[in-house]
>>> print(open('coords.csv').read())   # CSV, C-alpha atoms
chain,number,residue,atom,x,y,z
A,1,MET,CA,-86.0,-96.5,198.5
A,2,THR,CA,-83.2,-95.6,200.9
A,3,ASP,CA,-79.5,-95.7,200.1
A,4,THR,CA,-79.1,-98.6,202.6
A,5,LYS,CA,-81.7,-100.7,200.9
A,6,LEU,CA,-80.1,-100.0,197.5
A,7,LYS,CA,-76.7,-101.2,198.8
A,8,PHE,CA,-78.4,-104.3,200.2
A,9,LYS,CA,-80.0,-105.1,196.9
A,10,ALA,CA,-76.8,-104.6,194.9
A,11,GLY,CA,-74.3,-105.9,197.4
A,12,ARG,CA,-73.3,-109.4,198.4
A,13,PRO,CA,-75.8,-111.2,200.7
A,14,THR,CA,-74.4,-111.8,204.2
A,15,SER,CA,-75.2,-115.5,203.9
A,16,LEU,CA,-73.0,-115.8,200.7
A,17,LEU,CA,-69.4,-116.1,201.6
A,18,PRO,CA,-66.9,-113.7,200.0
A,19,VAL,CA,-64.7,-116.4,198.4
A,20,PRO,CA,-63.9,-117.3,194.8
A,21,THR,CA,-66.0,-120.2,193.4
A,22,HIS,CA,-64.8,-123.2,191.4
A,23,TYR,CA,-67.7,-122.9,188.9
A,24,CYS,CA,-67.0,-122.2,185.2
A,25,PRO,CA,-67.7,-118.8,183.8
A,26,GLY,CA,-71.4,-118.6,183.0
A,27,CYS,CA,-72.4,-121.5,185.3
A,28,GLY,CA,-75.8,-121.1,186.9
A,29,HIS,CA,-74.9,-122.5,190.3
A,30,GLY,CA,-73.5,-119.2,191.5
A,31,VAL,CA,-76.8,-117.4,190.7
A,32,ALA,CA,-78.8,-120.1,192.4
A,33,HIS,CA,-76.6,-119.8,195.5
A,34,ARG,CA,-77.1,-116.1,195.6
A,35,LEU,CA,-80.9,-116.5,195.5
A,36,ILE,CA,-80.8,-118.8,198.4
A,37,ALA,CA,-78.6,-116.5,200.3
A,38,GLU,CA,-80.8,-113.5,199.6
A,39,ILE,CA,-83.9,-115.3,200.9
A,40,VAL,CA,-82.0,-116.5,204.0
A,41,ASP,CA,-81.0,-112.9,204.8
A,42,GLU,CA,-84.3,-111.3,203.9
A,43,TRP,CA,-86.3,-113.9,206.0
A,44,ASP,CA,-83.7,-113.8,208.9
A,45,LEU,CA,-83.2,-117.6,208.6
A,46,ARG,CA,-79.5,-118.0,209.2
A,47,GLY,CA,-79.9,-119.7,212.6
A,48,ASN,CA,-83.0,-121.7,211.4
A,49,VAL,CA,-82.1,-123.2,208.1
A,50,ILE,CA,-80.1,-126.4,207.3
A,51,GLY,CA,-79.0,-127.2,203.7
A,52,MET,CA,-78.0,-130.6,202.3
A,53,ALA,CA,-75.5,-131.0,199.4
A,54,PRO,CA,-74.6,-134.3,197.8
A,55,VAL,CA,-71.3,-135.7,196.7
A,56,GLY,CA,-71.1,-135.0,193.0
A,57,CYS,CA,-73.4,-132.7,191.2
A,58,ALA,CA,-73.7,-129.9,193.9
A,59,VAL,CA,-70.7,-130.7,196.0
A,60,ILE,CA,-68.9,-127.7,197.6
A,61,ALA,CA,-72.1,-125.6,197.8
A,62,TYR,CA,-71.4,-125.5,201.5
A,63,ASN,CA,-68.2,-123.6,200.8
A,64,TYR,CA,-70.2,-120.7,199.5
A,65,LEU,CA,-73.3,-120.5,201.7
A,66,ASP,CA,-72.7,-119.3,205.2
A,67,ILE,CA,-75.4,-121.4,206.8
A,68,ASP,CA,-75.5,-124.8,208.5
A,69,MET,CA,-75.0,-127.5,205.9
A,70,CYS,CA,-74.4,-131.2,205.7
A,71,GLU,CA,-73.1,-133.5,202.9
A,72,ALA,CA,-74.7,-136.8,201.9
A,73,ALA,CA,-73.7,-139.7,199.7
A,74,HIS,CA,-74.5,-139.3,196.0
A,75,GLY,CA,-78.2,-139.4,195.5
A,76,ARG,CA,-79.1,-139.9,199.2
A,77,THR,CA,-79.6,-136.2,199.9
A,78,PRO,CA,-83.4,-136.1,200.3
A,79,GLU,CA,-83.5,-139.0,202.8
A,80,VAL,CA,-80.7,-137.4,204.9
A,81,ALA,CA,-82.7,-134.1,204.8
A,82,VAL,CA,-85.7,-136.0,206.0
A,83,GLY,CA,-83.8,-137.4,208.9
A,84,ILE,CA,-82.6,-133.9,209.9
A,85,LYS,CA,-86.1,-132.5,209.5
A,86,ARG,CA,-87.6,-135.2,211.7
A,87,VAL,CA,-85.0,-134.6,214.4
A,88,ARG,CA,-85.3,-130.8,214.1
A,89,PRO,CA,-88.8,-130.1,212.8
A,90,ASP,CA,-88.4,-126.4,213.8
A,91,LYS,CA,-85.7,-125.9,211.1
A,92,LEU,CA,-86.2,-125.1,207.5
A,93,VAL,CA,-84.4,-128.0,205.7
A,94,PHE,CA,-83.6,-128.1,202.0
A,95,SER,CA,-81.6,-130.2,199.7
A,96,TYR,CA,-79.6,-128.7,196.8
A,97,GLN,CA,-79.1,-131.3,194.0
A,98,GLY,CA,-78.1,-131.6,190.3
A,99,ASP,CA,-79.9,-133.7,187.7
A,100,GLY,CA,-77.3,-136.5,187.8
A,101,ASP,CA,-77.6,-136.8,191.5
A,102,LEU,CA,-81.4,-136.4,191.8
A,103,ALA,CA,-82.6,-138.0,188.6
A,104,ALA,CA,-80.1,-140.9,188.2
A,105,ILE,CA,-78.6,-142.4,191.3
A,106,GLY,CA,-81.1,-140.6,193.6
A,107,THR,CA,-84.3,-141.5,191.7
A,108,ASN,CA,-85.4,-144.0,194.3
A,109,GLU,CA,-84.9,-141.5,197.1
A,110,ILE,CA,-86.7,-138.5,195.6
A,111,ILE,CA,-89.7,-140.6,194.6
A,112,HIS,CA,-90.2,-142.1,198.0
A,113,VAL,CA,-89.5,-138.8,199.9
A,114,ALA,CA,-92.1,-137.1,197.6
A,115,ASN,CA,-94.6,-139.9,197.9
A,116,ARG,CA,-94.5,-139.7,201.7
A,117,GLY,CA,-95.1,-136.0,201.5
A,118,GLU,CA,-92.0,-135.3,203.6
A,119,PRO,CA,-92.0,-131.6,204.6
A,120,ILE,CA,-88.7,-130.6,203.1
A,121,THR,CA,-87.8,-128.5,200.1
A,122,VAL,CA,-85.7,-129.6,197.1
A,123,ILE,CA,-83.8,-127.2,194.9
A,124,PHE,CA,-83.1,-129.2,191.7
A,125,ILE,CA,-80.5,-127.8,189.3
A,126,ASN,CA,-81.1,-129.1,185.7
A,127,ASN,CA,-78.3,-128.4,183.3
A,128,THR,CA,-79.0,-131.6,181.2
A,129,CYS,CA,-75.6,-133.3,182.0
A,130,TYR,CA,-73.3,-134.3,184.8
A,131,GLY,CA,-71.8,-130.8,184.9
A,132,MET,CA,-69.6,-131.2,187.9
A,133,THR,CA,-68.1,-134.6,187.2
A,134,GLY,CA,-67.2,-134.8,183.5
A,135,GLY,CA,-70.1,-133.8,181.4
A,136,GLN,CA,-71.6,-137.3,181.0
A,137,MET,CA,-75.1,-138.0,179.8
A,138,ALA,CA,-77.7,-137.5,182.6
A,139,PRO,CA,-81.3,-138.6,182.7
A,140,THR,CA,-82.3,-135.1,181.6
A,141,THR,CA,-79.9,-134.9,178.6
A,142,LEU,CA,-81.8,-133.9,175.4
A,143,VAL,CA,-82.2,-136.3,172.5
A,144,GLY,CA,-79.4,-135.5,170.1
A,145,GLN,CA,-77.3,-133.7,172.8
A,146,ARG,CA,-73.6,-134.5,172.7
A,147,THR,CA,-72.0,-135.4,176.0
A,148,SER,CA,-68.8,-137.1,177.0
A,149,THR,CA,-70.6,-140.4,177.0
A,150,THR,CA,-72.8,-139.7,174.0
A,151,PRO,CA,-70.3,-138.1,171.6
A,152,LYS,CA,-72.7,-138.6,168.7
A,153,GLY,CA,-75.7,-137.4,170.6
A,154,ARG,CA,-78.3,-139.1,172.8
A,155,HIS,CA,-80.5,-141.5,170.8
A,156,LEU,CA,-84.2,-142.0,171.5
A,157,ILE,CA,-83.9,-145.7,170.8
A,158,GLY,CA,-81.5,-147.3,173.3
A,159,GLU,CA,-81.2,-144.3,175.7
A,160,GLY,CA,-84.7,-143.1,175.8
A,161,PRO,CA,-86.1,-139.5,176.1
A,162,PRO,CA,-85.2,-137.1,178.8
A,163,LEU,CA,-86.7,-137.7,182.2
A,164,ARG,CA,-89.0,-134.9,183.3
A,165,VAL,CA,-88.8,-135.0,187.1
A,166,CYS,CA,-91.6,-132.5,188.0
A,167,GLU,CA,-94.0,-134.4,185.7
A,168,LEU,CA,-92.9,-137.7,187.2
A,169,LEU,CA,-93.6,-136.5,190.8
A,170,SER,CA,-96.7,-134.5,190.0
A,171,PRO,CA,-99.2,-137.4,190.2
A,172,LEU,CA,-98.1,-138.4,193.7
A,173,GLU,CA,-100.8,-137.5,196.2
A,174,ARG,CA,-98.7,-135.9,198.9
A,175,VAL,CA,-96.7,-133.7,196.7
A,176,VAL,CA,-97.8,-130.1,197.4
A,177,TYR,CA,-95.8,-127.8,195.2
A,178,LEU,CA,-93.7,-128.2,192.1
A,179,GLU,CA,-92.4,-125.4,189.9
A,180,ARG,CA,-89.9,-125.2,187.1
A,181,ARG,CA,-88.0,-122.0,186.4
A,182,MET,CA,-84.9,-120.9,184.4
A,183,LEU,CA,-81.9,-118.6,184.8
A,184,THR,CA,-82.0,-116.8,181.5
A,185,SER,CA,-82.7,-113.1,182.3
A,186,PRO,CA,-83.2,-110.8,185.3
A,187,LYS,CA,-87.0,-111.3,185.0
A,188,GLU,CA,-86.6,-115.1,185.0
A,189,ILE,CA,-84.1,-115.0,187.9
A,190,ARG,CA,-86.7,-113.0,189.9
A,191,LEU,CA,-89.3,-115.6,189.1
A,192,THR,CA,-87.0,-118.3,190.2
A,193,LYS,CA,-86.4,-116.5,193.5
A,194,LYS,CA,-90.2,-116.2,194.0
A,195,ALA,CA,-90.6,-120.0,193.3
A,196,ILE,CA,-88.0,-120.8,196.0
A,197,GLU,CA,-89.7,-118.5,198.4
A,198,ARG,CA,-93.1,-120.2,197.7
A,199,ALA,CA,-91.5,-123.6,198.2
A,200,PHE,CA,-89.9,-122.5,201.6
A,201,ARG,CA,-93.3,-121.1,202.6
A,202,VAL,CA,-95.0,-124.5,201.9
A,203,GLN,CA,-92.5,-126.1,204.3
A,204,GLN,CA,-92.8,-123.4,207.0
A,205,GLN,CA,-96.5,-123.9,207.0
A,206,GLY,CA,-96.1,-127.7,207.4
A,207,LEU,CA,-98.0,-128.4,204.2
A,208,GLY,CA,-95.7,-131.1,202.8
A,209,PHE,CA,-93.2,-131.7,200.0
A,210,SER,CA,-92.1,-129.0,197.7
A,211,MET,CA,-89.5,-128.8,194.9
A,212,VAL,CA,-88.2,-126.1,192.5
A,213,GLU,CA,-86.5,-127.3,189.3
A,214,ILE,CA,-84.1,-124.7,187.8
A,215,LEU,CA,-83.0,-124.8,184.2
A,216,SER,CA,-79.4,-123.7,184.5
A,217,PRO,CA,-76.6,-123.0,182.0
A,218,CYS,CA,-73.5,-125.2,181.6
A,219,PRO,CA,-71.4,-123.5,178.9
A,220,THR,CA,-68.4,-125.8,179.3
A,221,HIS,CA,-70.3,-129.1,178.5
A,222,TRP,CA,-72.8,-127.5,176.2
A,223,ARG,CA,-69.8,-126.2,174.2
A,224,LEU,CA,-71.3,-122.8,174.0
A,225,PRO,CA,-70.1,-119.3,174.9
A,226,PRO,CA,-71.9,-118.1,178.1
A,227,GLU,CA,-73.7,-115.4,176.3
A,228,GLN,CA,-75.5,-118.0,174.1
A,229,CYS,CA,-76.7,-120.2,176.9
A,230,ALA,CA,-79.9,-118.2,177.7
A,231,ALA,CA,-81.1,-118.6,174.1
A,232,TYR,CA,-80.2,-122.3,174.2
A,233,ILE,CA,-82.3,-122.8,177.3
A,234,GLU,CA,-85.3,-120.9,175.8
A,235,ASP,CA,-85.0,-122.5,172.4
A,236,ARG,CA,-83.9,-126.1,173.2
A,237,LEU,CA,-84.7,-126.8,176.8
A,238,THR,CA,-88.1,-125.2,177.5
A,239,PRO,CA,-89.9,-127.3,174.7
A,240,VAL,CA,-88.9,-130.4,176.7
A,241,PHE,CA,-89.0,-128.9,180.2
A,242,PRO,CA,-91.7,-126.2,180.1
A,243,VAL,CA,-91.4,-123.6,182.8
A,244,GLY,CA,-94.2,-122.6,185.2
A,245,VAL,CA,-96.1,-124.1,188.1
A,246,ILE,CA,-96.4,-127.9,187.6
A,247,LYS,CA,-98.4,-128.6,190.7
A,248,ASP,CA,-99.8,-126.4,193.6
A,249,THR,CA,-102.4,-128.0,195.8
A,250,THR,CA,-102.8,-125.1,198.1
A,251,SER,CA,-103.4,-121.4,197.8
A,252,ALA,CA,-101.1,-120.9,200.8
A,253,ALA,CA,-98.1,-121.3,198.5
A,254,ARG,CA,-99.2,-118.2,196.6
A,255,ALA,CA,-99.6,-116.0,199.6
>>> encode(input="coords.csv", output="structure tokens")
Amino acid sequence: MTDTKLKFKAGRPTSLLPVPTHYCPGCGHGVAHRLIAEIVDEWDLRGNVIGMAPVGCAVIAYNYLDIDMCEAAHGRTPEVAVGIKRVRPDKLVFSYQGDGDLAAIGTNEIIHVANRGEPITVIFINNTCYGMTGGQMAPTTLVGQRTSTTPKGRHLIGEGPPLRVCELLSPLERVVYLERRMLTSPKEIRLTKKAIERAFRVQQQGLGFSMVEILSPCPTHWRLPPEQCAAYIEDRLTPVFPVGVIKDTTSAARA
């Protein structure tokens, strides 16, 4: 491996802007942003990719990714992404959404976009709370998990179990590729990157709807030191949200 390639691997991707972020220490959003930026650079996509960020859970992502991006109303991101894809079918279009945005106010949108098999990619950050807007209970909040709106923990009776979005979308006929990964170690981060690449490849080949769900740390609202969040994800989140390929209807996604 040449020195130039070593510098590229270790340095900041060109598509990731050199600015301080507003994310809390230990937050997974910065890692997810970097993975997207690395793929954009490695695939030479900067002039051919359009990202969508919603108001709320993933707002300000466009301040960090040096690519074309748009903002949509809370929860409406997939449908706006579909509109852009239909106007510019030559572009790779993705939405970047949190669990509050996608699984709560945006449940209607994600279900119908997936059901139609729209050829977009969704990157879904699941940190089991409204991490950006106050730490309230989200549809993905674990039973017993304390949030700002469930100070005694989420109850199974009355508030129900966590919503598993990949499993919810999996039976839909025109959904092509769903995978859930996590940001807990270098190995898992590499697997997350590969999942995003597979999802983008599904779109590039015109095969239909793809989504990658990413279990991401939220130290502030989990009330944990950042160094303990990886173990929390592996011990508490993965029994509810198992990682791996949830659905893949084509071998092309594995090429």
>>> atom_distance(input="coords.csv", atom1="atom CA of Glu71 of chain A", atom2="atom CA of Tyr23 of chain A")
18.4 Å
>>> closest_atom_pairs(input="coords.csv", of="segment 11-112 of chain A", to="segment 196-202 of chain A", cutoff="10 Å", atoms="all atoms listed in the file", output="tab-separated table")
residue	atom	partner	partner_atom	distance
A:Ala32	CA	A:Ile196	CA	9.9
A:Leu35	CA	A:Ile196	CA	8.3
A:Ile36	CA	A:Ile196	CA	7.8
A:Ile39	CA	A:Glu197	CA	7.1
A:Val40	CA	A:Glu197	CA	9.7
A:Trp43	CA	A:Glu197	CA	9.5
A:Leu92	CA	A:Phe200	CA	7.4
A:Val93	CA	A:Phe200	CA	8.8
A:Phe94	CA	A:Phe200	CA	8.4
>>> residues_around(input="coords.csv", residues="Pro217 of chain A", least_positions_apart="5", cutoff="6 Å", atoms="only C-alpha atoms", output="list in words")
Cys27, Gly28, Asn127 and Cys229 of chain A
>>> write_last_selection(input="coords.csv", atoms="C-alpha atoms", output="mmCIF file, in the coordinates of the input")
data_model
loop_
_atom_site.group_PDB
_atom_site.id
_atom_site.type_symbol
_atom_site.label_atom_id
_atom_site.label_comp_id
_atom_site.auth_asym_id
_atom_site.auth_seq_id
_atom_site.Cartn_x
_atom_site.Cartn_y
_atom_site.Cartn_z
ATOM 1 C CA CYS A 27 -72.400 -121.500 185.300
ATOM 2 C CA GLY A 28 -75.800 -121.100 186.900
ATOM 3 C CA ASN A 127 -78.300 -128.400 183.300
ATOM 4 C CA CYS A 229 -76.700 -120.200 176.900
#
>>> residues_around(input="coords.csv", residues="Asn63 of chain A", least_positions_apart="4", cutoff="12 Å", atoms="only C-alpha atoms", output="list of chain:residue names")
A:Ser15, A:Leu16, A:Leu17, A:Pro18, A:Val19, A:Pro20, A:Thr21, A:His22, A:Tyr23, A:Gly30, A:His33, A:Gly51, A:Ala53, A:Ala58, A:Val59, A:Ile67, A:Asp68, A:Met69, A:Cys70, A:Glu71
>>> closest_atom_pairs(input="coords.csv", of="segment 6-109 of chain A", to="segment 163-187 of chain A", cutoff="10 Å", atoms="all atoms listed in the file", output="CSV")
residue,atom,partner,partner_atom,distance
A:Cys27,CA,A:Leu183,CA,9.9
A:Gly28,CA,A:Leu183,CA,6.9
A:His29,CA,A:Leu183,CA,9.7
A:Val31,CA,A:Leu183,CA,7.9
A:Ala32,CA,A:Leu183,CA,8.3
A:Asp99,CA,A:Val165,CA,9.0
A:Leu102,CA,A:Val165,CA,8.9
A:Ala103,CA,A:Val165,CA,7.0
A:Ala104,CA,A:Leu163,CA,9.5
A:Thr107,CA,A:Val165,CA,9.1
>>> atom_distance(input="coords.csv", atom1="atom CA of Met211 of chain A", atom2="atom CA of Pro78 of chain A")
10.9 Å
>>> atom_distance(input="coords.csv", atom1="atom CA of Pro25 of chain A", atom2="atom CA of Pro219 of chain A")
7.7 Å
>>> closest_residue(input="coords.csv", among="A:Lys247, A:Arg86, A:Arg236, A:Lys193", to="Trp222 of chain A", atoms="all atoms listed in the file")
A:Arg236
>>> closest_residue(input="coords.csv", among="A:Phe241, A:Phe209, A:Tyr232, A:Tyr64", to="Ser95 of chain A", atoms="only C-alpha atoms")
A:Phe209
>>> closest_residue(input="coords.csv", among="A:Glu213, A:Asp90, A:Glu188, A:Glu79", to="His112 of chain A", atoms="all atoms listed in the file")
A:Glu79
>>> residues_around(input="coords.csv", residues="Gly26 of chain A", least_positions_apart="6", cutoff="10 Å", atoms="all atoms listed in the file", output="ChimeraX atom specification")
/A:216-220,224-229
